[in-house]
$ cat data00.csv   # CSV, C-alpha atoms and all ligand atoms
chain,number,residue,atom,x,y,z
A,1,MET,CA,21.9,-6.3,-12.4
A,2,SER,CA,18.9,-6.3,-14.6
A,3,ILE,CA,15.9,-8.6,-14.7
A,4,LYS,CA,13.8,-7.6,-17.7
A,5,THR,CA,10.0,-8.0,-18.2
A,6,SER,CA,7.7,-6.1,-20.6
A,7,LEU,CA,6.8,-3.8,-17.6
A,8,THR,CA,10.3,-3.0,-16.5
A,9,GLN,CA,11.1,-2.1,-20.1
A,10,ARG,CA,8.0,0.1,-20.5
A,11,LEU,CA,8.7,1.9,-17.1
A,12,GLY,CA,12.5,2.2,-17.7
A,13,ILE,CA,13.5,0.4,-14.5
A,14,ASP,CA,16.0,-2.5,-14.2
A,15,LEU,CA,14.3,-4.6,-11.6
A,16,PRO,CA,10.7,-5.9,-11.6
A,17,LEU,CA,10.3,-4.5,-8.1
A,18,ILE,CA,8.0,-1.8,-6.8
A,19,GLN,CA,8.2,-0.3,-3.3
A,20,GLY,CA,4.5,-0.3,-2.3
A,21,PRO,CA,3.1,3.1,-1.4
A,22,MET,CA,2.5,3.1,2.4
A,23,ASN,CA,0.9,5.8,4.5
A,24,GLY,CA,2.8,6.0,7.8
A,25,VAL,CA,5.8,4.3,6.3
A,26,SER,CA,6.8,5.7,2.9
A,27,THR,CA,9.1,8.7,2.9
A,28,ILE,CA,10.8,10.6,0.1
A,29,ASP,CA,14.1,9.1,1.4
A,30,LEU,CA,12.7,5.6,1.0
A,31,ALA,CA,11.3,6.2,-2.5
A,32,VAL,CA,14.6,7.8,-3.7
A,33,ALA,CA,16.7,5.0,-2.3
A,34,VAL,CA,14.5,2.4,-4.2
A,35,CYS,CA,14.5,4.4,-7.4
A,36,GLU,CA,18.3,4.9,-7.3
A,37,ALA,CA,18.7,1.1,-6.6
A,38,GLU,CA,16.8,0.5,-9.9
A,39,GLY,CA,13.4,-0.4,-8.5
A,40,LEU,CA,10.3,1.8,-8.7
A,41,GLY,CA,9.9,3.9,-5.5
A,42,SER,CA,6.4,5.2,-4.6
A,43,LEU,CA,5.1,8.2,-2.7
A,44,ALA,CA,2.0,7.6,-0.7
A,45,ALA,CA,0.1,10.8,-1.2
A,46,ALA,CA,-3.5,9.9,-0.2
A,47,ILE,CA,-3.3,11.6,3.2
A,48,LEU,CA,-1.5,14.7,1.8
A,49,SER,CA,-3.2,18.0,1.2
A,50,PRO,CA,-3.0,19.1,-2.5
A,51,ALA,CA,-0.4,21.7,-1.5
A,52,ALA,CA,1.7,19.1,0.4
A,53,MET,CA,1.4,16.7,-2.6
A,54,ARG,CA,2.7,19.3,-5.0
A,55,GLU,CA,5.7,20.0,-2.7
A,56,GLN,CA,6.5,16.4,-2.0
A,57,ILE,CA,6.3,15.4,-5.7
A,58,ALA,CA,8.7,18.3,-6.5
A,59,GLN,CA,11.1,17.2,-3.8
A,60,LEU,CA,11.1,13.6,-5.1
A,61,ARG,CA,11.7,14.8,-8.6
A,62,SER,CA,14.6,17.0,-7.5
A,63,ARG,CA,16.3,14.0,-5.9
A,64,THR,CA,16.1,11.3,-8.6
A,65,THR,CA,16.1,11.3,-12.3
A,66,ARG,CA,14.7,7.8,-12.3
A,67,PRO,CA,11.0,7.0,-12.7
A,68,PHE,CA,8.8,7.0,-9.6
A,69,ALA,CA,5.1,6.5,-8.7
A,70,VAL,CA,2.6,8.7,-6.8
A,71,ASN,CA,-0.3,6.9,-5.1
A,72,LEU,CA,-3.8,8.1,-4.3
A,73,PHE,CA,-7.0,6.6,-2.8
A,74,VAL,CA,-10.0,7.0,-5.1
A,75,LEU,CA,-12.7,8.3,-2.8
A,76,GLY,CA,-16.0,10.0,-2.9
A,77,ALA,CA,-17.4,12.5,-0.3
A,78,PRO,CA,-17.3,10.9,3.2
A,79,GLN,CA,-20.5,9.3,4.5
A,80,VAL,CA,-21.0,10.8,8.0
A,81,ASP,CA,-23.7,9.4,10.2
A,82,GLU,CA,-23.8,11.5,13.4
A,83,ALA,CA,-25.2,8.7,15.6
A,84,GLN,CA,-22.5,6.3,14.4
A,85,VAL,CA,-19.8,8.9,15.1
A,86,LEU,CA,-21.1,9.4,18.6
A,87,ARG,CA,-21.0,5.7,19.4
A,88,ALA,CA,-17.5,5.4,18.0
A,89,ARG,CA,-16.3,8.3,20.1
A,90,GLU,CA,-17.7,6.6,23.2
A,91,TRP,CA,-15.8,3.4,22.4
A,92,LEU,CA,-12.6,5.4,21.7
A,93,ALA,CA,-12.9,7.7,24.8
A,94,PRO,CA,-11.1,5.5,27.3
A,95,PHE,CA,-8.1,5.3,24.9
A,96,TRP,CA,-8.1,9.1,24.3
A,97,ARG,CA,-8.2,9.6,28.1
A,98,GLU,CA,-5.4,7.1,28.7
A,99,LEU,CA,-3.1,8.9,26.2
A,100,GLY,CA,-4.3,12.5,27.2
A,101,VAL,CA,-5.7,13.2,23.8
A,102,ALA,CA,-8.3,16.0,23.6
A,103,GLU,CA,-11.7,14.7,22.7
A,104,GLU,CA,-12.3,17.0,19.7
A,105,LEU,CA,-13.9,16.2,16.4
A,106,PRO,CA,-11.5,16.5,13.5
A,107,SER,CA,-11.6,19.7,11.4
A,108,GLN,CA,-11.9,17.6,8.2
A,109,TRP,CA,-12.7,13.9,7.7
A,110,GLY,CA,-10.2,13.3,4.8
A,111,GLN,CA,-8.6,14.8,1.8
A,112,ASP,CA,-10.5,16.1,-1.2
A,113,PHE,CA,-9.8,13.5,-3.9
A,114,PRO,CA,-10.8,15.7,-6.9
A,115,ALA,CA,-8.4,18.4,-5.8
A,116,GLN,CA,-5.7,15.9,-5.2
A,117,PHE,CA,-6.3,14.5,-8.7
A,118,GLU,CA,-5.9,17.9,-10.3
A,119,VAL,CA,-2.5,18.3,-8.6
A,120,LEU,CA,-1.5,14.8,-9.9
A,121,VAL,CA,-2.5,15.7,-13.5
A,122,GLU,CA,-0.6,18.9,-13.3
A,123,ALA,CA,2.5,17.3,-11.7
A,124,ALA,CA,2.5,14.5,-14.3
A,125,PRO,CA,4.6,11.9,-12.4
A,126,PRO,CA,6.0,9.1,-14.5
A,127,VAL,CA,3.6,6.6,-12.8
A,128,ALA,CA,0.4,7.1,-10.8
A,129,SER,CA,-1.2,4.2,-8.8
A,130,PHE,CA,-4.6,4.1,-7.3
A,131,THR,CA,-6.5,2.0,-4.7
A,132,PHE,CA,-9.9,1.9,-2.9
A,133,GLY,CA,-11.9,2.7,-6.1
A,134,ILE,CA,-11.7,3.1,-9.8
A,135,LEU,CA,-11.1,6.1,-12.1
A,136,SER,CA,-13.2,7.0,-15.1
A,137,ALA,CA,-11.9,6.5,-18.6
A,138,GLU,CA,-11.8,10.4,-18.9
A,139,GLN,CA,-9.6,10.7,-15.8
A,140,ILE,CA,-7.2,8.1,-17.2
A,141,GLU,CA,-7.1,9.9,-20.6
A,142,ARG,CA,-6.1,13.1,-18.7
A,143,LEU,CA,-3.2,11.3,-17.1
A,144,HIS,CA,-2.2,9.7,-20.3
A,145,ALA,CA,-2.3,13.1,-22.1
A,146,ARG,CA,0.4,14.2,-19.5
A,147,GLY,CA,2.5,11.0,-20.1
A,148,THR,CA,1.6,9.3,-16.8
A,149,PHE,CA,1.5,5.5,-16.7
A,150,VAL,CA,-1.6,4.4,-14.7
A,151,ILE,CA,-1.7,1.4,-12.3
A,152,GLY,CA,-5.1,0.4,-10.8
A,153,THR,CA,-5.3,-1.9,-7.7
A,154,ALA,CA,-7.7,-4.9,-7.9
A,155,THR,CA,-8.5,-7.6,-5.4
A,156,THR,CA,-10.6,-9.8,-7.8
A,157,LEU,CA,-10.4,-10.7,-11.5
A,158,ALA,CA,-13.6,-8.7,-12.1
A,159,GLU,CA,-11.9,-5.6,-10.5
A,160,GLY,CA,-8.9,-6.2,-12.7
A,161,ARG,CA,-11.1,-6.4,-15.8
A,162,ALA,CA,-12.8,-3.1,-14.8
A,163,TRP,CA,-9.5,-1.3,-14.6
A,164,VAL,CA,-8.5,-2.6,-18.1
A,165,GLU,CA,-11.8,-1.5,-19.4
A,166,VAL,CA,-11.3,2.1,-18.3
A,167,GLY,CA,-7.8,2.1,-19.8
A,168,ALA,CA,-5.3,1.4,-17.0
A,169,ASP,CA,-1.8,0.5,-18.2
A,170,ALA,CA,-1.2,-2.2,-15.6
A,171,VAL,CA,-3.1,-3.8,-12.7
A,172,CYS,CA,-1.8,-4.3,-9.2
A,173,ALA,CA,-3.2,-7.6,-8.0
A,174,GLN,CA,-3.6,-7.2,-4.2
A,175,ALA,CA,-3.8,-10.7,-2.6
A,176,THR,CA,-5.2,-11.4,0.9
A,177,GLU,CA,-1.7,-11.7,2.3
A,178,ALA,CA,-1.0,-8.0,1.8
A,179,GLY,CA,-0.4,-5.6,4.7
A,180,GLY,CA,-2.5,-2.5,5.0
A,181,HIS,CA,-5.9,-1.6,3.6
A,182,ARG,CA,-7.9,-3.8,1.2
A,183,GLY,CA,-8.3,-2.1,-2.1
A,184,THR,CA,-11.7,-3.9,-2.8
A,185,PHE,CA,-14.3,-1.7,-4.6
A,186,LEU,CA,-16.7,-4.0,-6.5
A,187,VAL,CA,-17.8,-6.6,-4.0
A,188,PRO,CA,-18.1,-7.0,-0.2
A,189,PHE,CA,-14.6,-7.1,1.4
A,190,ASP,CA,-15.2,-10.7,2.6
A,191,ASP,CA,-15.7,-11.9,-0.9
A,192,ALA,CA,-12.3,-10.6,-2.1
A,193,LEU,CA,-9.8,-12.3,0.1
A,194,ILE,CA,-8.0,-14.3,-2.6
A,195,GLY,CA,-4.6,-15.8,-2.0
A,196,GLY,CA,-1.6,-14.7,-4.1
A,197,PHE,CA,-1.1,-18.0,-6.0
A,198,ALA,CA,-4.7,-17.9,-7.2
A,199,LEU,CA,-5.0,-14.1,-7.8
A,200,TYR,CA,-1.7,-13.5,-9.6
A,201,ARG,CA,-2.2,-16.5,-11.9
A,202,GLN,CA,-5.9,-15.6,-12.7
A,203,MET,CA,-5.1,-12.0,-13.5
A,204,ALA,CA,-1.9,-12.7,-15.5
A,205,ALA,CA,-3.8,-15.4,-17.6
A,206,ALA,CA,-6.8,-13.2,-18.3
A,207,LEU,CA,-5.8,-9.6,-18.5
A,208,ALA,CA,-4.4,-7.8,-21.6
A,209,VAL,CA,-2.2,-5.5,-19.5
A,210,PRO,CA,0.8,-6.3,-17.2
A,211,VAL,CA,0.0,-7.6,-13.7
A,212,ILE,CA,1.9,-6.5,-10.6
A,213,ALA,CA,1.8,-9.1,-7.8
A,214,ALA,CA,1.2,-7.5,-4.3
A,215,GLY,CA,0.9,-9.5,-1.1
A,216,GLY,CA,3.2,-11.8,0.8
A,217,ILE,CA,6.3,-11.2,-1.3
A,218,MET,CA,9.4,-10.6,0.9
A,219,ASP,CA,12.3,-12.0,-0.9
A,220,GLY,CA,13.8,-13.2,-4.2
A,221,GLN,CA,11.9,-16.5,-3.9
A,222,GLY,CA,8.6,-14.6,-3.8
A,223,ILE,CA,9.5,-12.3,-6.6
A,224,ALA,CA,10.6,-15.2,-8.8
A,225,ALA,CA,7.4,-17.1,-7.9
A,226,ALA,CA,5.3,-14.0,-8.9
A,227,LEU,CA,7.2,-13.8,-12.3
A,228,THR,CA,6.7,-17.5,-12.8
A,229,LEU,CA,3.0,-17.1,-12.3
A,230,GLY,CA,2.9,-14.5,-15.1
A,231,ALA,CA,3.2,-11.3,-13.2
A,232,GLN,CA,5.5,-8.6,-14.7
A,233,ALA,CA,6.7,-7.2,-11.4
A,234,ALA,CA,6.2,-7.5,-7.6
A,235,GLN,CA,5.0,-4.8,-5.3
A,236,LEU,CA,6.5,-5.2,-1.8
A,237,GLY,CA,5.2,-3.2,1.2
A,238,THR,CA,5.9,-5.0,4.5
A,239,ALA,CA,9.4,-5.8,3.4
A,240,PHE,CA,10.2,-2.1,3.6
A,241,ILE,CA,8.6,-1.2,7.0
A,242,ALA,CA,11.7,-1.9,9.1
A,243,CYS,CA,14.1,-0.1,6.7
A,244,PRO,CA,15.8,2.9,8.4
A,245,GLU,CA,14.3,5.2,5.7
A,246,SER,CA,10.8,4.2,6.8
A,247,SER,CA,8.9,6.6,9.0
A,248,ALA,CA,7.2,3.8,11.0
A,249,PRO,CA,7.8,4.4,14.7
A,250,PRO,CA,10.3,2.0,16.4
A,251,ALA,CA,7.6,0.1,18.2
A,252,TRP,CA,5.9,-0.8,14.8
A,253,LYS,CA,9.3,-1.8,13.3
A,254,HIS,CA,10.0,-4.0,16.4
A,255,ALA,CA,6.6,-5.6,16.1
A,256,VAL,CA,7.2,-6.5,12.4
A,257,MET,CA,10.7,-7.9,13.2
A,258,HIS,CA,9.2,-10.1,15.9
A,259,ALA,CA,6.0,-11.2,14.1
A,260,SER,CA,5.1,-14.8,13.7
A,261,ALA,CA,3.2,-16.7,11.0
A,262,ASP,CA,-0.2,-16.1,12.7
A,263,SER,CA,0.4,-12.5,14.0
A,264,THR,CA,-1.9,-10.6,11.6
A,265,ARG,CA,-5.6,-10.3,10.8
A,266,LEU,CA,-7.9,-7.9,9.1
A,267,THR,CA,-9.4,-5.1,11.2
A,268,ARG,CA,-11.7,-2.1,10.7
A,269,ALA,CA,-10.8,-0.7,14.1
A,270,TYR,CA,-8.3,1.9,13.0
A,271,SER,CA,-9.8,3.4,9.9
A,272,GLY,CA,-13.3,1.9,9.2
A,273,ARG,CA,-11.9,0.0,6.2
A,274,PRO,CA,-10.5,-3.6,6.5
A,275,ALA,CA,-6.7,-3.5,6.8
A,276,ARG,CA,-4.2,-6.2,7.7
A,277,GLY,CA,-2.1,-5.6,10.8
A,278,ILE,CA,-0.4,-7.3,13.7
A,279,VAL,CA,-3.0,-8.1,16.4
A,280,ASN,CA,-2.6,-5.9,19.5
A,281,PRO,CA,-4.7,-5.0,22.5
A,282,PHE,CA,-6.5,-2.0,20.7
A,283,MET,CA,-7.6,-4.3,17.9
A,284,GLN,CA,-8.8,-6.9,20.4
A,285,ALA,CA,-10.7,-4.3,22.5
A,286,MET,CA,-12.5,-2.8,19.4
A,287,GLN,CA,-13.3,-6.2,17.9
A,288,ALA,CA,-16.8,-6.4,19.4
A,289,HIS,CA,-17.7,-3.0,17.8
A,290,GLU,CA,-16.1,-3.5,14.4
A,291,ALA,CA,-19.3,-3.9,12.4
A,292,GLU,CA,-20.7,-0.7,13.8
A,293,LEU,CA,-17.7,1.6,13.3
A,294,PRO,CA,-18.1,4.4,10.7
A,295,PRO,CA,-16.6,3.8,7.3
A,296,TYR,CA,-13.3,5.2,6.0
A,297,PRO,CA,-12.3,8.0,6.3
A,298,VAL,CA,-14.5,8.9,9.3
A,299,GLN,CA,-13.1,6.3,11.7
A,300,ASN,CA,-9.6,7.0,10.4
A,301,ALA,CA,-10.0,10.7,11.3
A,302,LEU,CA,-11.4,9.8,14.7
A,303,THR,CA,-8.4,7.5,15.6
A,304,SER,CA,-5.8,9.7,14.0
A,305,PRO,CA,-4.9,11.8,17.2
A,306,LEU,CA,-4.9,8.5,19.1
A,307,ARG,CA,-2.4,6.9,16.7
A,308,ARG,CA,-0.2,10.0,16.7
A,309,ALA,CA,-0.1,10.0,20.5
A,310,ALA,CA,0.5,6.2,20.6
A,311,ALA,CA,3.4,6.6,18.2
A,312,LYS,CA,5.0,9.3,20.4
A,313,ALA,CA,4.5,7.2,23.5
A,314,GLU,CA,5.9,4.1,21.8
A,315,ARG,CA,2.7,2.2,22.7
A,316,ALA,CA,2.6,-0.8,20.4
A,317,ASP,CA,-0.6,-1.9,22.2
A,318,LEU,CA,-2.4,1.1,20.7
A,319,LEU,CA,-0.5,1.8,17.4
A,320,ALA,CA,-1.8,0.6,14.1
A,321,LEU,CA,0.8,-2.1,13.3
A,322,PHE,CA,-0.2,-2.7,9.7
A,323,ALA,CA,1.8,-5.5,8.1
A,324,GLY,CA,1.3,-8.5,5.8
A,325,GLN,CA,1.1,-12.2,6.6
A,326,ASN,CA,4.7,-12.7,5.6
A,327,ALA,CA,6.1,-10.2,8.1
A,328,PRO,CA,8.3,-12.9,9.8
A,329,LEU,CA,10.5,-12.7,6.7
A,330,ALA,CA,11.2,-8.9,7.1
A,331,ARG,CA,14.8,-7.7,7.1
A,332,ALA,CA,15.9,-4.4,8.8
A,333,LEU,CA,18.2,-3.3,6.0
A,334,PRO,CA,18.8,0.1,4.4
A,335,ALA,CA,16.4,0.2,1.4
A,336,ALA,CA,19.1,0.3,-1.3
A,337,GLU,CA,20.8,-2.7,0.3
A,338,LEU,CA,17.5,-4.5,0.5
A,339,VAL,CA,16.7,-3.9,-3.1
A,340,GLY,CA,20.2,-5.1,-4.1
A,341,VAL,CA,19.7,-8.3,-2.1
A,342,LEU,CA,16.2,-8.8,-3.6
A,343,GLY,CA,17.6,-8.4,-7.1
A,344,ARG,CA,20.4,-10.9,-6.5
A,345,GLU,CA,18.1,-13.4,-4.8
A,346,THR,CA,15.6,-13.2,-7.6
A,347,ALA,CA,18.3,-13.8,-10.2
A,348,ALA,CA,19.7,-16.7,-8.3
A,349,VAL,CA,16.3,-18.4,-8.0
A,350,LEU,CA,15.6,-17.8,-11.8
A,351,ARG,CA,19.0,-19.3,-12.6
A,352,ALA,CA,18.4,-22.3,-10.3
A,353,GLY,CA,15.0,-22.8,-12.0
A,354,ALA,CA,16.7,-22.9,-15.5
A,355,ALA,CA,19.3,-25.3,-14.2
A,356,LEU,CA,16.6,-27.8,-13.3
A,357,LEU,CA,16.2,-28.3,-17.1
A,358,GLY,CA,19.5,-30.1,-17.0
A,401,LIG,C1,1.5,0.1,6.4
A,401,LIG,C2,1.0,0.0,5.0
A,401,LIG,C3,0.4,1.1,4.4
A,401,LIG,C4,-0.1,0.9,3.0
A,401,LIG,N1,-0.6,2.0,2.4
A,401,LIG,C5,-1.0,2.0,1.1
A,401,LIG,C6,-1.4,3.1,0.4
A,401,LIG,O1,-1.4,4.2,0.9
A,401,LIG,N2,-1.7,2.9,-0.9
A,401,LIG,C7,-1.7,1.7,-1.6
A,401,LIG,O2,-2.0,1.6,-2.7
A,401,LIG,N3,-1.3,0.6,-0.9
A,401,LIG,C8,-0.9,0.7,0.4
A,401,LIG,N4,-0.4,-0.4,1.1
A,401,LIG,C9,-0.2,-1.7,0.3
A,401,LIG,C10,1.2,-1.7,-0.2
A,401,LIG,O3,1.5,-0.7,-1.1
A,401,LIG,C11,1.5,-3.1,-0.9
A,401,LIG,O4,0.7,-3.3,-2.0
A,401,LIG,C12,1.3,-4.2,0.1
A,401,LIG,O5,1.9,-3.9,1.3
A,401,LIG,C13,1.9,-5.5,-0.5
A,401,LIG,O6,1.7,-6.6,0.4
A,401,LIG,P1,2.9,-7.0,1.5
A,401,LIG,O7,2.6,-6.1,2.7
A,401,LIG,O8,2.5,-8.4,1.9
A,401,LIG,O9,4.2,-6.8,0.9
A,401,LIG,C14,0.0,-0.3,2.4
A,401,LIG,C15,0.6,-1.4,3.0
A,401,LIG,C16,1.1,-1.3,4.3
A,401,LIG,C17,1.7,-2.5,5.0

$ encode --input "data00.csv" --output "structure tokens" --more "lines below"
Ligand SMILES: Cc1cc2nc3c(=O)[nH]c(=O)nc-3n(C[C@H](O)[C@H](O)[C@H](O)COP(=O)(O)O)c2cc1C
Amino acid sequence: MSIKTSLTQRLGIDLPLIQGPMNGVSTIDLAVAVCEAEGLGSLAAAILSPAAMREQIAQLRSRTTRPFAVNLFVLGAPQVDEAQVLRAREWLAPFWRELGVAEELPSQWGQDFPAQFEVLVEAAPPVASFTFGILSAEQIERLHARGTFVIGTATTLAEGRAWVEVGADAVCAQATEAGGHRGTFLVPFDDALIGGFALYRQMAAALAVPVIAAGGIMDGQGIAAALTLGAQAAQLGTAFIACPESSAPPAWKHAVMHASADSTRLTRAYSGRPARGIVNPFMQAMQAHEAELPPYPVQNALTSPLRRAAAKAERADLLALFAGQNAPLARALPAAELVGVLGRETAAVLRAGAALLG
């Protein structure tokens, strides 16, 4: 099975399908399964230390000869406001006590992006994708010099244009439906909540590089719609959460498989950066304080022991149940099988569309 677009030909993959990088979900097994099934698998490396990144990229490379992507968050030094941290700790304390988590400050707020970037350049994966910010033209030139194809995430047309200007090879258009963190970097988050139909079309019509549609795509109908709107591939995240290769705890997979159309909303409660997830009691309890929580990665580091303990205790009421608006269409299939089904569904929809011409 092969569905060709200019992007699949450039990347050397047979399906216009990218498994979205997902912290807490993506594993090497998941990426390998998608690559071997002829999509593009991604390694979510943003929370990995430079040493762990080097090791995981090597492992992935040893398990597939097909192209794969490595993803990072473009971040500056963390903004730490002691008074804000103190207040956030007070609001989190009842949850820490309930789960028996020690009330200690984290030893580091987040990973050192410049050090991660050096490992990425050295490892030279076939594809590198970025979110949360934008690279400089010099950084992109360094990746290009190593043969790495660069994808930048954009949530508005202006962000897409900014990525094209610094030399990105493709833009991932992240629509408001998408699960997980918003990649917005040029405007306030609330000004960048554009639906897929508008965003994919605007970007595909205006940008000189291939557009990858991300957000709300769960099946062949969605992939075919994205291609019809002018995208050259679709990036699916939520569709892979319930796969056996995903590292999401069972309570998270269960929540995705039982989600309804209105289950999700955006929250800053877990990380300090707006992210879409299934509403649960923790999100509701923190809602009143959301505006005052420290920004990413500070709040993320503060809630990290809590999320780990909640995962161990199978506490869906406290876990971050990140997922997109189309979670009700999730299927708990092995990743290779899911990619096969997605490819066949997409081909069937494209054929049915051609048949309408009579
Ligand atoms: C749990 C979760 C974690 C995610 N983590 C990342 C990440 O680390 N880097 C990134 O670029 N995108 C991340 N995303 C976005 C996905 O890669 C993908 O673009 C998005 O899920 C597409 O929307 P969908 O969830 O509606 O399929 C994440 C999404 C989810 C649901």

$ residues_near_point --input "data00.csv" --point "(-10.9, -2.2, 11.8)" --cutoff "8 Å" --atoms "all atoms listed in the file" --output "mmCIF file with C-alpha atoms, in the coordinates of the input"
data_model
loop_
_atom_site.group_PDB
_atom_site.id
_atom_site.type_symbol
_atom_site.label_atom_id
_atom_site.label_comp_id
_atom_site.auth_asym_id
_atom_site.auth_seq_id
_atom_site.Cartn_x
_atom_site.Cartn_y
_atom_site.Cartn_z
ATOM 1 C CA LEU A 266 -7.900 -7.900 9.100
ATOM 2 C CA THR A 267 -9.400 -5.100 11.200
ATOM 3 C CA ARG A 268 -11.700 -2.100 10.700
ATOM 4 C CA ALA A 269 -10.800 -0.700 14.100
ATOM 5 C CA TYR A 270 -8.300 1.900 13.000
ATOM 6 C CA SER A 271 -9.800 3.400 9.900
ATOM 7 C CA GLY A 272 -13.300 1.900 9.200
ATOM 8 C CA ARG A 273 -11.900 0.000 6.200
ATOM 9 C CA PRO A 274 -10.500 -3.600 6.500
ATOM 10 C CA ALA A 275 -6.700 -3.500 6.800
ATOM 11 C CA MET A 283 -7.600 -4.300 17.900
ATOM 12 C CA MET A 286 -12.500 -2.800 19.400
ATOM 13 C CA GLN A 287 -13.300 -6.200 17.900
ATOM 14 C CA GLU A 290 -16.100 -3.500 14.400
ATOM 15 C CA LEU A 293 -17.700 1.600 13.300
#

$ closest_residue --input "data00.csv" --among "A:Pro106, A:Gly160, A:Gly324, A:Pro188" --to "ligand LIG 401 (chain A)" --atoms "only C-alpha atoms and all ligand atoms"
A:Gly324

$ closest_atom_pairs --input "data00.csv" --of "chain A" --to "ligand LIG 401 (chain A)" --cutoff "8 Å" --atoms "all atoms listed in the file" --output "Markdown table"
| residue | atom | partner | partner_atom | distance |
| --- | --- | --- | --- | --- |
| A:Gln19 | CA | A:LIG401 | O3 | 7.1 |
| A:Gly20 | CA | A:LIG401 | O3 | 3.3 |
| A:Pro21 | CA | A:LIG401 | O3 | 4.1 |
| A:Met22 | CA | A:LIG401 | N1 | 3.3 |
| A:Asn23 | CA | A:LIG401 | O1 | 4.6 |
| A:Gly24 | CA | A:LIG401 | C1 | 6.2 |
| A:Val25 | CA | A:LIG401 | C1 | 6.0 |
| A:Ala44 | CA | A:LIG401 | O1 | 5.1 |
| A:Ala45 | CA | A:LIG401 | O1 | 7.1 |
| A:Ala46 | CA | A:LIG401 | O1 | 6.2 |
| A:Ile47 | CA | A:LIG401 | O1 | 8.0 |
| A:Asn71 | CA | A:LIG401 | N2 | 6.0 |
| A:Leu72 | CA | A:LIG401 | N2 | 6.6 |
| A:Phe73 | CA | A:LIG401 | N2 | 6.7 |
| A:Ser129 | CA | A:LIG401 | O2 | 6.7 |
| A:Phe130 | CA | A:LIG401 | O2 | 5.8 |
| A:Thr131 | CA | A:LIG401 | O2 | 4.9 |
| A:Phe132 | CA | A:LIG401 | O2 | 7.9 |
| A:Thr153 | CA | A:LIG401 | O2 | 6.9 |
| A:Cys172 | CA | A:LIG401 | O4 | 7.7 |
| A:Gln174 | CA | A:LIG401 | O4 | 6.2 |
| A:Ala175 | CA | A:LIG401 | O6 | 7.5 |
| A:Glu177 | CA | A:LIG401 | O8 | 5.4 |
| A:Ala178 | CA | A:LIG401 | O6 | 3.3 |
| A:Gly179 | CA | A:LIG401 | O7 | 3.6 |
| A:Gly180 | CA | A:LIG401 | C15 | 3.8 |
| A:His181 | CA | A:LIG401 | N4 | 6.2 |
| A:Gly183 | CA | A:LIG401 | O2 | 7.3 |
| A:Ala214 | CA | A:LIG401 | C13 | 4.4 |
| A:Gly215 | CA | A:LIG401 | O6 | 3.4 |
| A:Gly216 | CA | A:LIG401 | O8 | 3.6 |
| A:Ile217 | CA | A:LIG401 | O9 | 5.3 |
| A:Met218 | CA | A:LIG401 | O9 | 6.4 |
| A:Gln235 | CA | A:LIG401 | O4 | 5.6 |
| A:Leu236 | CA | A:LIG401 | O9 | 3.9 |
| A:Gly237 | CA | A:LIG401 | O5 | 3.4 |
| A:Thr238 | CA | A:LIG401 | O7 | 3.9 |
| A:Ala239 | CA | A:LIG401 | O9 | 5.9 |
| A:Ile241 | CA | A:LIG401 | C1 | 7.2 |
| A:Arg276 | CA | A:LIG401 | C17 | 7.5 |
| A:Gly277 | CA | A:LIG401 | C17 | 7.6 |
| A:Leu321 | CA | A:LIG401 | C1 | 7.3 |
| A:Phe322 | CA | A:LIG401 | C1 | 4.6 |
| A:Ala323 | CA | A:LIG401 | C17 | 4.3 |
| A:Gly324 | CA | A:LIG401 | O8 | 4.1 |
| A:Gln325 | CA | A:LIG401 | O8 | 6.2 |
| A:Asn326 | CA | A:LIG401 | O8 | 6.1 |
| A:Ala327 | CA | A:LIG401 | O8 | 7.4 |

$ write_last_selection --input "data00.csv" --atoms "C-alpha atoms" --output "short mmCIF file (atom, residue, chain, number, x, y, z; two decimals), in the frame of the given file"
data_model
loop_
_atom_site.label_atom_id
_atom_site.label_comp_id
_atom_site.auth_asym_id
_atom_site.auth_seq_id
_atom_site.Cartn_x
_atom_site.Cartn_y
_atom_site.Cartn_z
CA GLN A 19 8.20 -0.30 -3.30
CA GLY A 20 4.50 -0.30 -2.30
CA PRO A 21 3.10 3.10 -1.40
CA MET A 22 2.50 3.10 2.40
CA ASN A 23 0.90 5.80 4.50
CA GLY A 24 2.80 6.00 7.80
CA VAL A 25 5.80 4.30 6.30
CA ALA A 44 2.00 7.60 -0.70
CA ALA A 45 0.10 10.80 -1.20
CA ALA A 46 -3.50 9.90 -0.20
CA ILE A 47 -3.30 11.60 3.20
CA ASN A 71 -0.30 6.90 -5.10
CA LEU A 72 -3.80 8.10 -4.30
CA PHE A 73 -7.00 6.60 -2.80
CA SER A 129 -1.20 4.20 -8.80
CA PHE A 130 -4.60 4.10 -7.30
CA THR A 131 -6.50 2.00 -4.70
CA PHE A 132 -9.90 1.90 -2.90
CA THR A 153 -5.30 -1.90 -7.70
CA CYS A 172 -1.80 -4.30 -9.20
CA GLN A 174 -3.60 -7.20 -4.20
CA ALA A 175 -3.80 -10.70 -2.60
CA GLU A 177 -1.70 -11.70 2.30
CA ALA A 178 -1.00 -8.00 1.80
CA GLY A 179 -0.40 -5.60 4.70
CA GLY A 180 -2.50 -2.50 5.00
CA HIS A 181 -5.90 -1.60 3.60
CA GLY A 183 -8.30 -2.10 -2.10
CA ALA A 214 1.20 -7.50 -4.30
CA GLY A 215 0.90 -9.50 -1.10
CA GLY A 216 3.20 -11.80 0.80
CA ILE A 217 6.30 -11.20 -1.30
CA MET A 218 9.40 -10.60 0.90
CA GLN A 235 5.00 -4.80 -5.30
CA LEU A 236 6.50 -5.20 -1.80
CA GLY A 237 5.20 -3.20 1.20
CA THR A 238 5.90 -5.00 4.50
CA ALA A 239 9.40 -5.80 3.40
CA ILE A 241 8.60 -1.20 7.00
CA ARG A 276 -4.20 -6.20 7.70
CA GLY A 277 -2.10 -5.60 10.80
CA LEU A 321 0.80 -2.10 13.30
CA PHE A 322 -0.20 -2.70 9.70
CA ALA A 323 1.80 -5.50 8.10
CA GLY A 324 1.30 -8.50 5.80
CA GLN A 325 1.10 -12.20 6.60
CA ASN A 326 4.70 -12.70 5.60
CA ALA A 327 6.10 -10.20 8.10
#
